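Comments concern the structure below.
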Amino acid sequence: MTAPLRAPPEAGAGGHHQVLFRIVEAVPFAIALLVLVIELTPAHVVYTGPLLVATPALAAVTMGPKGTLAAALLAVVVSVITATHNHAWGGQQVYTNLFALTMVSAASFMTSRAVSRRRENELNQVRRIAAAAQDVLLRPVPARLGPVRAASMYLAAETGAQIGGDLYDAVQTRYGVRLIVGDVRGKGLPAVRAAAVVLGAFREAVHYEDDLVEVINHCGAALRRDAALAGANRSGGEDSVLEGFVTAVVAQIPEGNDVELINRGHPAPLLLRDGRVRPLTPSVPLPPLGLEEFITGPPGRLESYSFVPGDRLLLHTDGVLEARDGENSFFDLAGAMERMGGHTRKGFLEGLREALLQHTRGRLGDDVAILLVDRLDA
């Protein structure tokens with residue numbers, strides 16, 4: 001069962017751009033108010049008609065039809081107030097300005113409306129493409145996989161997005177159930193591309209590599225090849241290879257009462273047993289995929305942990321741990337797991353989603369991917 005969800009808008013990453021855009025949007029209204037000040041003071045000798053006429057045209061550049069209409073109405077109100085204050089009614093100039101303002105306002109409104117419709121159509125098309133990409137990259141996790149039941153959830157931090165740089169998958173193989181959760185450094189299409197590379201390599205290797213270490217090494221090699229190719233195409237040199245590293249944890253659940261893990265710089269999975277949570281922290285930290293040159297010892301080994309019937313395993317990305325509230329406090333994932341330990345998988349994920357969005361007031365700073373696995377009775 002998969003629950004691909006979208007976080008509410010206003011992600012933190014684009015805050016500076018949003019502030020700048022708001023300032024630009026305010027320019028037409030600032031001009032109208034400036035004209036009002038000039039006309040109501042001794043400075044009214046300055047001819048302000050062209051400034052008011054330009055107001056709705058400027059609004060149409062940055063705002064939709066409603067904003068353009070509001071700017072046009074404000075300009076008309078200012079014109080009426082200033083004409084009355086300066087006793088200008090009856091002069092040809094006032095009526096000429098009002099006529100020009102009406103014509104420009106109508107044209108600006110129609111243009112803004114057409115642009116708004118075109119943007120909406122383009123956005124709908126992008127969303128359809130994103131949904132199709134999500135079906136390919138983050139395909140539904142089967143509810144039953146051998147000795148476990150699984151569920152997943154994805155929350156994209158970026159406004160209007162459905163996929164990003166987080167990844168997950170769960171596959172039934174002859175070696176047992178194999179899972180991956182990862183997080184790409186970076187945002188946008190390059191992050192989606194890196195996620196696709198790692199997932200493609202994982203889905204291929206899990207079926208013929210008996211050693212889980214080789215599975216994750218296969219993912220790292222695929223990522224390095226793709227990053228090197230992208231760097232060569234951009235003439236970016238060695239730095240471009242380092243831009244695409246991915247933290248990941250790969251798990252294997254064979255028959256028996258254990259789970260085997262390899263962690264490459266990723267947040268430790270959490271094990272819920274008898275109402276208490278403990279992290280499955282690796283004994284030897286390893287660098288993320290794509291940064292294999294920093295491995296000084298063995299390339300990694302399986303670490304085995306007890307995973308008995310009734311246990312619940314949570315693999316997640318750091319978007320959960322780094323989610324902050326208004327007081328800059330981190331989200332308590334372990335505490336949330338313990339409070340919802342008795343929930344079904346669907347109820348657990350829904351409750352976790354609500355708790356996370358309530359903690360952040362609906363403003364996630366990073367994408368969130370969660371893979372939930374319950375060990376069944378033998």
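Ligands are numbered from 1 in the order shown, residues from 1 within each chain, and chains are lettered A, B, ... in the order they appear in the structure tokens.
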Can you pull out every residue within 12 Å of Glu354 of chain A, counting only C-alpha atoms, but drop anything in the same chain fewer than 3 positions away, and send it as a ChimeraX atom specification?
-> /A:5,7-8,155,336,340,347-351,357-362
All residues 12 Å or closer to Gly275 of chain A, only C-alpha atoms, same chain fewer than 4 positions away omitted, as a list in words | Leu271, Gly310, Asp311, Arg312, Ala334, Gly335, Ala336, Met337, Glu338, Arg339, Met340, Gly341, Gly342 and His343 of chain A
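Nearest to Ala191 of chain A of all the residues A:Arg203, A:Gly319, A:Ala227, A:Ser105 is A:Ala227, counting only C-alpha atoms.
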Counting only C-alpha atoms, the option among A:Leu289, A:Ala59, A:Leu371, A:Val148 closest to Phe245 of chain A = A:Leu289
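The smallest atom-to-atom distance between Val373 of chain A and any of A:Ala114, A:Leu145, A:Ala355, A:Ala54, using only C-alpha atoms, is found for A:Leu145.
Relative to atom CA of Gly186 of chain A, atom CA of Asp226 of chain A is found at 15.3 Å.
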Which neighbours of Gly256 of chain A fall inside 12 Å, counting only C-alpha atoms, when residues of the same chain fewer than 2 positions from it are skipped, and could you give them as a PyMOL selection string?
-> chain A and resi 146-148+176-177+252-254+258-260+304-309+375-378
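The list of residues with at least one atom within 7 Å of segment 210-219 of chain A, based on only C-alpha atoms and without residues fewer than 2 positions apart in the same chain, reads A:Tyr175, A:Val198, A:Ala201, A:Phe202, A:Ala205, A:Val206, A:Tyr208, A:Ala221, A:Ala222, A:Leu223, A:Gly300, A:Arg301, A:Leu302.
Atom pair atom CA of Glu327 of chain A / atom CA of Leu356 of chain A: separated by 14.6 Å.
Take atom CA of Ala60 of chain A and atom CA of Arg113 of chain A: the distance between them is 8.8 Å.
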